[in-house]
Every structure is written in structure tokens, then in C-alpha cells.
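The next block is work.cif, given as mmCIF, C-alpha atoms.
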```
data_my_file
#
loop_
_atom_site.label_atom_id
_atom_site.label_comp_id
_atom_site.auth_asym_id
_atom_site.auth_seq_id
_atom_site.Cartn_x
_atom_site.Cartn_y
_atom_site.Cartn_z
CA MET N 1 -10.74 -18.48 20.07
CA SER N 2 -7.05 -18.61 19.20
CA ASP N 3 -3.72 -18.53 20.96
CA LEU N 4 -1.88 -16.51 18.33
CA LEU N 5 -0.86 -13.65 20.61
CA ARG N 6 1.07 -16.17 22.66
CA GLN N 7 2.24 -18.47 19.86
CA ARG N 8 3.10 -16.24 16.91
CA PRO N 9 5.83 -14.19 18.66
CA VAL N 10 7.76 -17.42 19.36
CA ALA N 11 6.88 -19.64 16.38
CA THR N 12 6.42 -19.52 12.62
CA PRO N 13 2.93 -19.63 11.08
CA ALA N 14 3.80 -22.83 9.21
CA MET N 15 4.84 -24.59 12.42
CA ILE N 16 1.73 -23.42 14.24
CA ALA N 17 -0.35 -24.93 11.43
CA VAL N 18 1.40 -28.31 11.81
CA PHE N 19 0.00 -28.67 15.32
CA ASP N 20 -3.36 -26.92 14.94
CA ASP N 21 -6.78 -28.55 15.40
CA ALA N 22 -7.40 -29.03 11.69
CA ALA N 23 -4.11 -30.87 11.18
CA THR N 24 -4.68 -33.03 14.26
CA ILE N 25 -8.15 -34.09 13.12
CA ALA N 26 -6.97 -34.72 9.55
CA HIS N 27 -4.11 -36.93 10.74
CA ALA N 28 -6.40 -38.89 13.06
CA CYS N 29 -8.81 -39.52 10.20
CA ALA N 30 -5.93 -40.54 7.94
CA PHE N 31 -4.81 -43.09 10.52
CA GLU N 32 -8.23 -44.73 10.69
CA VAL N 33 -8.48 -44.93 6.89
CA ALA N 34 -4.92 -46.23 6.46
CA LEU N 35 -5.42 -48.88 9.14
CA ALA N 36 -8.68 -50.09 7.62
CA ARG N 37 -7.15 -50.34 4.15
CA ALA N 38 -4.09 -52.17 5.48
CA GLU N 39 -6.28 -54.60 7.41
CA ALA N 40 -8.36 -55.21 4.27
CA ALA N 41 -5.27 -55.74 2.12
CA CYS N 42 -4.12 -58.44 4.54
CA GLY N 43 -7.51 -60.18 4.73
CA MET N 44 -8.57 -58.98 8.14
CA LEU N 45 -11.46 -56.88 6.80
CA PRO N 46 -13.58 -57.12 3.64
CA ALA N 47 -12.21 -54.69 1.05
CA GLU N 48 -15.60 -53.05 0.49
CA LEU N 49 -15.81 -52.07 4.15
CA ALA N 50 -12.39 -50.45 4.07
CA GLU N 51 -13.34 -48.45 0.99
CA ALA N 52 -16.62 -47.44 2.59
CA ILE N 53 -14.60 -46.12 5.53
CA ALA N 54 -12.26 -44.24 3.18
CA ALA N 55 -15.20 -42.74 1.28
CA GLY N 56 -17.19 -41.79 4.37
CA VAL N 57 -14.54 -40.28 6.62
CA ASP N 58 -14.48 -36.51 6.16
CA PRO N 59 -12.43 -34.41 8.61
CA ALA N 60 -14.07 -31.22 7.31
CA ARG N 61 -17.35 -32.32 8.88
CA ILE N 62 -15.89 -32.42 12.40
CA ASP N 63 -16.30 -29.37 14.62
CA ALA N 64 -13.03 -28.96 16.53
CA ALA N 65 -14.57 -27.01 19.42
CA GLU N 66 -17.27 -29.63 20.01
CA LEU N 67 -14.73 -32.44 19.70
CA ALA N 68 -12.45 -30.72 22.22
CA GLU N 69 -15.24 -30.45 24.78
CA GLU N 70 -16.05 -34.14 24.44
CA ALA N 71 -12.39 -35.15 24.50
CA ALA N 72 -11.93 -33.21 27.73
CA LEU N 73 -14.67 -35.31 29.30
CA ALA N 74 -13.65 -38.62 27.74
CA GLY N 75 -9.95 -38.18 28.58
CA THR N 76 -8.88 -38.91 25.00
CA LEU N 77 -9.50 -37.53 21.53
CA ALA N 78 -10.15 -40.97 20.06
CA ILE N 79 -13.40 -41.80 21.87
CA PRO N 80 -15.51 -38.90 20.53
CA LEU N 81 -13.65 -38.92 17.21
CA VAL N 82 -14.30 -42.59 16.51
CA ALA N 83 -17.95 -42.14 17.48
CA ARG N 84 -18.24 -39.35 14.90
CA LEU N 85 -16.48 -41.33 12.20
CA ARG N 86 -18.67 -44.36 12.77
CA ALA N 87 -21.74 -42.20 12.44
CA MET N 88 -20.33 -40.83 9.16
CA VAL N 89 -19.67 -44.18 7.49
CA GLY N 90 -22.64 -46.09 8.95
CA GLY N 91 -23.67 -49.72 8.46
CA GLU N 92 -21.19 -52.58 8.68
CA ALA N 93 -18.33 -50.20 7.88
CA ALA N 94 -18.94 -48.46 11.19
CA LYS N 95 -18.22 -51.70 13.03
CA ALA N 96 -15.04 -52.24 10.99
CA LEU N 97 -13.62 -48.79 11.72
CA HIS N 98 -10.98 -48.69 14.50
CA VAL N 99 -10.85 -52.50 14.68
CA ALA N 100 -7.81 -53.76 16.65
CA ALA N 101 -6.80 -50.19 17.54
CA THR N 102 -6.93 -48.20 20.74
CA SER N 103 -7.03 -44.53 21.68
CA GLN N 104 -3.31 -44.31 22.29
CA ASP N 105 -2.63 -45.66 18.81
CA VAL N 106 -4.47 -42.66 17.39
CA ALA N 107 -2.80 -40.11 19.67
CA ASP N 108 0.74 -41.38 19.21
CA THR N 109 0.47 -41.85 15.47
CA VAL N 110 -0.99 -38.38 14.98
CA LEU N 111 1.86 -36.93 17.05
CA MET N 112 4.49 -38.75 14.99
CA MET N 113 2.92 -37.55 11.73
CA GLN N 114 3.14 -34.03 13.09
CA VAL N 115 6.74 -34.62 14.17
CA ARG N 116 7.67 -35.65 10.62
CA ALA N 117 6.04 -32.55 9.13
CA ALA N 118 7.52 -30.28 11.80
CA HIS N 119 11.00 -31.69 11.33
CA GLY N 120 10.91 -30.96 7.60
CA LEU N 121 9.95 -27.35 8.20
CA LEU N 122 12.45 -26.79 10.98
CA ALA N 123 15.39 -28.39 9.20
CA GLY N 124 15.08 -25.95 6.32
CA ASP N 125 15.60 -22.89 8.52
CA VAL N 126 18.32 -24.58 10.55
CA ARG N 127 20.23 -25.35 7.37
CA ARG N 128 19.94 -21.67 6.44
CA VAL N 129 21.53 -20.70 9.76
CA ARG N 130 24.29 -23.25 9.37
CA GLY N 131 25.05 -22.28 5.78
CA ALA N 132 25.18 -18.55 6.46
CA LEU N 133 27.41 -19.05 9.49
CA ALA N 134 29.80 -21.21 7.47
CA THR N 135 30.02 -18.57 4.74
CA LEU N 136 30.77 -15.84 7.28
CA ALA N 137 33.30 -18.01 9.08
CA ARG N 138 35.26 -18.52 5.88
CA ALA N 139 35.09 -14.83 5.01
CA TYR N 140 36.50 -13.82 8.41
CA ALA N 141 38.92 -16.73 8.89
CA GLU N 142 41.94 -14.39 8.84
CA ARG N 143 40.41 -11.39 10.65
CA PRO N 144 42.05 -10.95 14.09
CA ALA N 145 39.63 -10.10 16.90
CA ILE N 146 39.80 -10.12 20.65
CA GLY N 147 38.75 -13.41 22.14
CA ARG N 148 36.80 -13.34 25.38
CA THR N 149 36.84 -15.82 28.22
CA LEU N 150 34.74 -15.49 31.36
CA LEU N 151 33.28 -12.38 29.67
CA GLN N 152 36.66 -10.62 29.79
CA ASP N 153 39.17 -9.75 27.05
CA ALA N 154 41.53 -12.70 26.59
CA MET N 155 43.76 -13.47 23.59
CA PRO N 156 43.33 -12.85 19.85
CA VAL N 157 41.24 -15.25 17.75
CA ALA N 158 39.97 -15.11 14.20
CA PHE N 159 36.56 -13.46 14.17
CA GLY N 160 35.44 -16.33 11.94
CA LEU N 161 36.35 -18.91 14.59
CA ARG N 162 33.40 -18.01 16.80
CA LEU N 163 31.10 -18.26 13.78
CA ALA N 164 32.57 -21.62 12.74
CA GLN N 165 32.05 -22.99 16.24
CA ALA N 166 28.42 -21.86 16.07
CA ALA N 167 27.96 -23.49 12.67
CA ARG N 168 29.41 -26.77 13.91
CA GLY N 169 27.26 -26.72 17.04
CA VAL N 170 24.09 -26.16 15.03
CA ASP N 171 25.13 -28.90 12.59
CA ASP N 172 25.78 -31.37 15.42
CA ALA N 173 22.37 -30.63 16.92
CA LEU N 174 20.55 -30.99 13.60
CA ARG N 175 22.20 -34.35 13.01
CA LEU N 176 20.94 -35.53 16.40
CA LEU N 177 17.41 -34.40 15.56
CA ASP N 178 17.54 -35.96 12.08
CA ALA N 179 18.54 -39.30 13.59
CA ALA N 180 15.95 -39.15 16.36
CA VAL N 181 13.12 -38.42 13.93
CA THR N 182 14.27 -41.09 11.46
CA ASP N 183 14.52 -43.73 14.18
CA HIS N 184 11.55 -42.83 16.37
CA ALA N 185 8.85 -40.99 14.39
CA VAL N 186 7.11 -44.29 13.71
CA LEU N 187 3.65 -45.79 13.56
CA GLN N 188 1.96 -46.70 16.81
CA TRP N 189 -0.41 -49.62 16.42
CA GLY N 190 -0.76 -52.12 19.22
CA GLY N 191 -4.43 -52.34 20.16
CA ALA N 192 -5.78 -52.42 23.67
CA ALA N 193 -2.75 -53.93 25.41
CA GLY N 194 -0.08 -53.78 22.74
CA THR N 195 -0.68 -57.30 21.35
CA ARG N 196 -2.50 -56.41 18.12
CA VAL N 197 -5.13 -58.92 19.08
CA GLY N 198 -7.25 -60.06 16.15
CA ALA N 199 -4.57 -59.46 13.54
CA GLY N 200 -2.92 -62.84 13.92
CA GLY N 201 0.02 -63.55 11.65
CA ALA N 202 -0.81 -60.56 9.46
CA SER N 203 0.07 -57.96 12.09
CA VAL N 204 3.53 -57.14 10.75
CA ARG N 205 2.25 -56.75 7.18
CA ILE N 206 -0.66 -54.59 8.34
CA ALA N 207 1.68 -52.37 10.31
CA ALA N 208 4.06 -52.04 7.36
CA GLN N 209 1.31 -51.05 4.93
CA CYS N 210 -0.29 -48.62 7.38
CA ALA N 211 3.05 -46.98 8.18
CA GLU N 212 3.90 -46.59 4.50
CA ALA N 213 0.53 -44.98 3.76
CA LEU N 214 1.08 -42.44 6.54
CA GLY N 215 4.71 -41.68 5.72
CA LEU N 216 6.02 -43.17 8.96
CA GLY N 217 8.57 -45.74 9.96
CA GLN N 218 7.42 -49.13 11.20
CA SER N 219 7.89 -50.38 14.74
CA ALA N 220 6.61 -52.88 17.24
CA PRO N 221 4.06 -51.28 19.61
CA TRP N 222 5.68 -48.75 21.95
CA HIS N 223 2.79 -47.72 24.22
CA ALA N 224 4.81 -47.66 27.42
CA ARG N 225 8.27 -47.48 25.83
CA ARG N 226 8.70 -43.72 25.52
CA THR N 227 12.41 -43.50 24.80
CA GLY N 228 11.74 -42.38 21.23
CA VAL N 229 9.61 -39.42 22.28
CA ALA N 230 12.22 -38.46 24.86
CA ALA N 231 14.99 -38.72 22.25
CA ILE N 232 13.16 -36.41 19.84
CA GLY N 233 12.45 -33.93 22.63
CA ALA N 234 16.03 -34.02 23.92
CA ALA N 235 17.39 -33.46 20.43
CA LEU N 236 15.08 -30.46 20.04
CA GLY N 237 16.31 -29.10 23.36
CA ILE N 238 19.92 -29.45 22.23
CA LEU N 239 19.15 -27.73 18.93
CA ILE N 240 17.38 -24.85 20.65
CA GLY N 241 20.38 -24.48 22.96
CA ALA N 242 22.85 -24.54 20.06
CA LEU N 243 20.88 -21.83 18.29
CA GLY N 244 20.78 -19.89 21.55
CA LYS N 245 24.59 -19.97 21.75
CA PHE N 246 24.82 -18.03 18.49
CA ALA N 247 22.10 -15.63 19.64
CA ARG N 248 23.92 -14.99 22.92
CA ASP N 249 27.15 -14.12 21.17
CA VAL N 250 25.48 -11.77 18.70
CA ALA N 251 23.65 -10.01 21.54
CA LEU N 252 26.92 -9.53 23.41
CA LEU N 253 28.75 -8.30 20.30
CA ALA N 254 25.93 -5.83 19.63
CA GLN N 255 26.33 -4.01 22.96
CA ASN N 256 27.12 -0.32 22.64
CA GLY N 257 30.56 -0.70 24.19
CA VAL N 258 31.49 -3.55 21.84
CA GLY N 259 29.69 -2.96 18.54
CA GLU N 260 31.42 -5.70 16.54
CA ALA N 261 28.26 -7.22 15.07
CA ARG N 262 24.56 -6.39 14.86
CA GLU N 263 21.35 -7.91 13.66
CA PRO N 264 20.32 -6.67 10.22
CA LEU N 265 17.78 -3.88 10.10
CA VAL N 266 14.31 -5.32 9.63
CA ALA N 267 11.28 -3.04 9.42
CA GLY N 268 9.28 -3.21 12.64
CA ARG N 269 11.89 -5.20 14.58
CA GLY N 270 14.26 -4.07 17.29
CA GLY N 271 12.69 -0.79 18.32
CA SER N 272 11.67 0.44 21.76
CA SER N 273 8.28 1.74 22.85
CA ALA N 274 9.98 4.29 25.12
CA MET N 275 13.44 4.95 23.61
CA ALA N 276 13.51 5.73 19.91
CA HIS N 277 17.31 5.63 19.73
CA LYS N 278 17.58 1.95 20.66
CA ARG N 279 18.31 -0.90 18.26
CA ASN N 280 17.47 -3.99 20.26
CA PRO N 281 18.63 -7.51 19.27
CA THR N 282 15.05 -8.76 19.13
CA GLY N 283 15.78 -11.78 16.94
CA CYS N 284 18.31 -12.93 19.50
CA GLN N 285 15.68 -12.36 22.15
CA VAL N 286 13.38 -14.87 20.44
CA ALA N 287 16.11 -17.50 20.38
CA LEU N 288 17.27 -16.86 23.94
CA SER N 289 13.71 -17.00 25.26
CA ALA N 290 13.30 -20.36 23.55
CA ALA N 291 16.57 -21.58 25.08
CA THR N 292 15.31 -20.55 28.51
CA ARG N 293 12.06 -22.48 28.17
CA ALA N 294 13.34 -25.62 26.44
CA PRO N 295 15.14 -27.38 29.33
CA GLY N 296 12.00 -27.51 31.47
CA LEU N 297 10.00 -28.93 28.59
CA VAL N 298 12.62 -31.60 27.91
CA ALA N 299 12.63 -32.46 31.63
CA SER N 300 8.89 -33.15 31.41
CA LEU N 301 9.51 -35.76 28.72
CA LEU N 302 12.28 -37.38 30.74
CA ALA N 303 10.02 -37.48 33.79
CA GLY N 304 7.48 -39.43 31.77
CA LEU N 305 9.81 -42.30 30.91
CA PRO N 306 8.87 -44.60 33.85
CA GLN N 307 5.41 -45.48 32.50
CA GLU N 308 3.26 -48.14 34.07
CA ALA N 309 3.01 -51.68 32.68
CA GLU N 310 1.55 -51.92 29.17
CA ARG N 311 -0.03 -48.45 28.95
CA GLY N 312 0.58 -45.63 31.39
CA LEU N 313 -1.57 -43.08 33.16
CA GLY N 314 -0.72 -39.39 32.78
CA GLY N 315 2.74 -39.82 31.31
CA TRP N 316 2.21 -40.18 27.58
CA GLN N 317 -0.81 -37.90 27.78
CA ALA N 318 1.56 -35.06 28.78
CA GLU N 319 3.95 -35.55 25.88
CA GLY N 320 2.00 -34.20 22.91
CA PRO N 321 1.68 -30.59 24.09
CA VAL N 322 5.28 -30.59 25.32
CA LEU N 323 6.71 -31.87 22.03
CA ALA N 324 4.56 -29.40 20.12
CA ASP N 325 5.86 -26.53 22.27
CA LEU N 326 9.45 -27.58 21.62
CA PHE N 327 8.91 -27.58 17.86
CA LEU N 328 7.14 -24.23 18.04
CA LEU N 329 10.00 -22.68 20.02
CA ALA N 330 12.62 -24.20 17.74
CA SER N 331 10.84 -22.86 14.66
CA GLY N 332 10.76 -19.31 15.98
CA SER N 333 14.40 -19.47 17.02
CA ALA N 334 15.64 -20.93 13.73
CA ALA N 335 13.60 -18.54 11.59
CA ALA N 336 14.81 -15.48 13.51
CA LEU N 337 18.44 -16.59 13.45
CA ALA N 338 18.34 -17.47 9.76
CA VAL N 339 17.54 -13.81 9.04
CA ILE N 340 20.29 -12.69 11.42
CA ALA N 341 22.95 -15.04 10.07
CA GLU N 342 22.17 -14.19 6.45
CA GLY N 343 22.25 -10.44 7.10
CA LEU N 344 24.65 -10.10 10.02
CA GLU N 345 26.31 -6.68 10.08
CA ILE N 346 29.97 -7.03 11.03
CA ASP N 347 31.94 -3.89 11.91
CA ALA N 348 35.60 -4.44 11.04
CA VAL N 349 36.57 -1.05 12.49
CA ALA N 350 35.09 -1.93 15.89
CA ILE N 351 36.78 -5.33 15.80
CA ALA N 352 40.17 -3.71 15.17
CA ARG N 353 39.57 -1.00 17.79
CA ASN N 354 38.66 -3.52 20.51
CA LEU N 355 41.63 -5.72 19.67
CA ALA N 356 44.02 -2.76 19.84
CA ALA N 357 42.56 -1.63 23.15
CA ALA N 358 43.24 -5.04 24.65
CA ALA N 359 46.95 -4.68 23.75
CA VAL N 360 47.55 -8.41 23.35
CA GLY N 361 48.85 -8.44 19.78
CA ASN N 362 47.18 -10.07 16.80
CA ASP N 363 48.50 -13.65 16.71
CA ILE N 364 45.43 -15.80 16.03
CA GLY N 365 47.37 -19.05 16.20
CA ALA N 366 45.89 -21.92 14.23
CA SER N 367 42.45 -20.30 13.97
CA ALA N 368 42.25 -20.70 10.19
CA ALA N 369 43.10 -24.41 10.34
CA ILE N 370 40.61 -24.96 13.16
CA ILE N 371 37.91 -23.18 11.16
CA ALA N 372 38.61 -25.41 8.17
CA ASP N 373 38.39 -28.48 10.39
CA LEU N 374 35.11 -27.32 11.97
CA LEU N 375 33.52 -26.68 8.61
CA ASP N 376 34.80 -29.85 6.93
CA GLY N 377 31.84 -32.09 6.08
CA LEU N 378 29.29 -29.60 7.39
CA GLY N 379 25.87 -30.65 6.24
CA ASP N 380 27.01 -33.98 4.76
#
```
This structure in C-alpha cells:
Amino acid sequence: MSDLLRQRPVATPAMIAVFDDAATIAHACAFEVALARAEAACGMLPAELAEAIAAGVDPARIDAAELAEEAALAGTLAIPLVARLRAMVGGEAAKALHVAATSQDVADTVLMMQVRAAHGLLAGDVRRVRGALATLARAYAERPAIGRTLLQDAMPVAFGLRLAQAARGVDDALRLLDAAVTDHAVLQWGGAAGTRVGAGGASVRIAAQCAEALGLGQSAPWHARRTGVAAIGAALGILIGALGKFARDVALLAQNGVGEAREPLVAGRGGSSAMAHKRNPTGCQVALSAATRAPGLVASLLAGLPQEAERGLGGWQAEGPVLADLFLLASGSAAALAVIAEGLEIDAVAIARNLAAAAVGNDIGASAAIIADLLDGLGD
């Protein structure tokens, strides 16, 4: 079974792979190996047991469908997973595996490893959008066009000003996401109640070594402190909305009665099953659909912030699928808009015609200076 008919129209294949079953199992196995090696390096476990764990753990031997059925019953992925891994390594190494860890450590660490990978993929396409918009904004910095307020003709602006505003908005949102991931995509290791019991004075060193092995930042346990997850989700929501702003404007400019800009022609995109003459802004549709769904997803993460005591019930368990959905939506939006921004068709004749019809002159004020200010330091 797959969910591709639902996922692929809104997300990139690479982003789907980041959150698929194989990646989830591989990350969970990597956590158990990294923790065992870190504990051995700090004297908590015999080194030979850690290496036996590393040699015996094999994610390829785990059937995802069977694991999912057992996880549904157990209420967590870690219980059936750890049982399988212990059976794989056997002997004394089996007892040493998952020592001083708990199920939430596995779930949260896997999620943060996926967040790091997803962020790297997403940022590449977002930077493409930002760069293409900046290039267009500079090219059209002196082109008078009719500005529109409250969806009505207003006063002249530079056509490039709208593009520069979009570039700055996308840049602002990406900076927020970059910071949220840097600060909060960190190792989760706290043990049963967040005290790292059994690790003694070596707990900080163990955490540091484990985090480094997994490519994560280090942090004190954050089982019931979910501000980091909420920050990442909120930043994704803002980014999806900023991308949606550009998509909305392109869709409006592409209307038959306006015609100032259009999505580039892409084979198989933008047609109609019933009206062969239509050229639909389908890339914008992807981004606007994402922007419609994102606020509700972000609200779910905010609703989960008041978690109970040391480890909550139902709150953090809801976060993984929500954060994955936000990254999937963001990936589809950014990929579609990167193609649009890099190939945007701008009709100078239509721009001039619409400006003349408005009969408000062609004074664009300080548009060029504002564009320069908006683009100054973009991407730094």
C-alpha cells in the first residue's frame, strides 16, 4: 500500500522519502547504535557490547508493515522495534541495547533527524524562488505598472516592486525556519522520566557524542517542553504563507482580463479536462492549497504545548505526522514556485495597457530605491 496519489501532487518525491517508513526505521536504528557507542565511550557500557549492537542492528531486516501493526497495538514504535533489535543482536548485547533510553527518546530523535534532512531539501528550492524573484525585481525596477489595493486599480508602482516584496517575504520566512531548525532540531535523550538515570556524571558527554554521531544539536531532555517543535512548525507555516503570497499574485496577474504575467508552459501542467483552451495556473494552485492547509496544522502543534508533567499523553504523539505534513506541503509549494519564478512570463504590453486604462499617470515614486532596500542583504 502507498499514499502517493494523495502525497505526490502536493510534495516532492525527495521530501516524501525523508518521512517514509524506511527512513524512519533507519533513523531509529541509528539512534540505538549511536547511543550505545556513546555510552560505551563514556564507560557506561563495555565497548564490545556497543560494537555487537552496531554489528547486529540491520534496518533492512525489519518489515515495516509488521512493525506498524505492532506499534499500533503498543502505542509507540519503540516497543516492537527494540524487541526486534534485541533479538537481532542477542546475548549480553541485547540487554545493553536501549539502556537509559525511553520510547519518546526514539520518536523525538527520529523526528529531528528527519527535520534536519527535510530542511536541507526545502531550503534549496526556497533559495531558487528567492533568487529568481530578486533577479526579476531588478530587471523590472523601472517598469511602471498599475498598483492594486483592495483588488482595485490604485496608483502606479514599479512592476518589480511586487516581486521584490515577495522575495523579501520568502527570505524573512526562510531565515525564521533556518533559526528554528538550528536551535531546536536537537537530540532527545532523557530516559524514563527525563533524568538520564544510570548515566551519572557522564550524561552530558554521552549526549554530546550521541548528538554529534546523528548530526543533531545537543540539548537537555525536552520531553514535555515542546516549544522547539512548535517553533519549527510555526516557521514552516509562515514560509508556506509567504510562498502563497507570490502564488496569489501570479494567479491574479494571469487572469484573462489582466494578463500581465503567467506561469511558464510546462508539458502536462495547466490544462483542463473539459476546456482545451484554458491555461490554468496549476503551480500556483499547489502553493495556495498548501497555504490553506498549513494554518490548521500549525494550530495542532500550538495546541499540544501544554503537556502534562514530565511526559505527556497524546500531545507529542500528534506532532510527528503534523510536522511531516508541513514539510511535505512546503516542499511541493517551493518546488512549484521555483519553476514559476525562474520561468515567469511577463507581458510588458499588457502591463502598459492596464496602466494606461487606469489613467493615473506613470509616477512610480521611490519604487526603485525601495526595491534596492528590500533586496539588500537578501540571502546573507
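Nearest to Ala207 of chain N of all the residues N:Ala318, N:Ala47, N:Cys42, N:Val229 is N:Cys42, counting all atoms listed in the file.
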Using all atoms listed in the file for the distances, tell me which of N:Val10, N:Leu236, N:Ala28, N:Leu253 is nearest to Ala350 of chain N.
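Using all atoms listed in the file, Ala350 of chain N sits closest to N:Leu253.
Counting all atoms listed in the file and comparing N:Gly56, N:Ser367, N:Ile238, N:Arg127, the residue that lies closest to Leu176 of chain N is N:Ile238.
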Which residues fall under the PyMOL selection byres ((chain N and resi 184) around 9) in this file, as a PyMOL selection string?
chain N and resi 112+179-183+185-187+217+219+227-229+231-232
Run through the PyMOL selection byres ((chain N and resi 125) around 10) on the given coordinates and return the selected residues as a list in words.
Gly120, Leu121, Leu122, Ala123, Gly124, Val126, Arg127, Arg128, Val129, Arg130, Gly131, Ala330, Ser331, Gly332, Ser333, Ala334, Ala335, Ala336, Leu337, Ala338 and Val339 of chain N
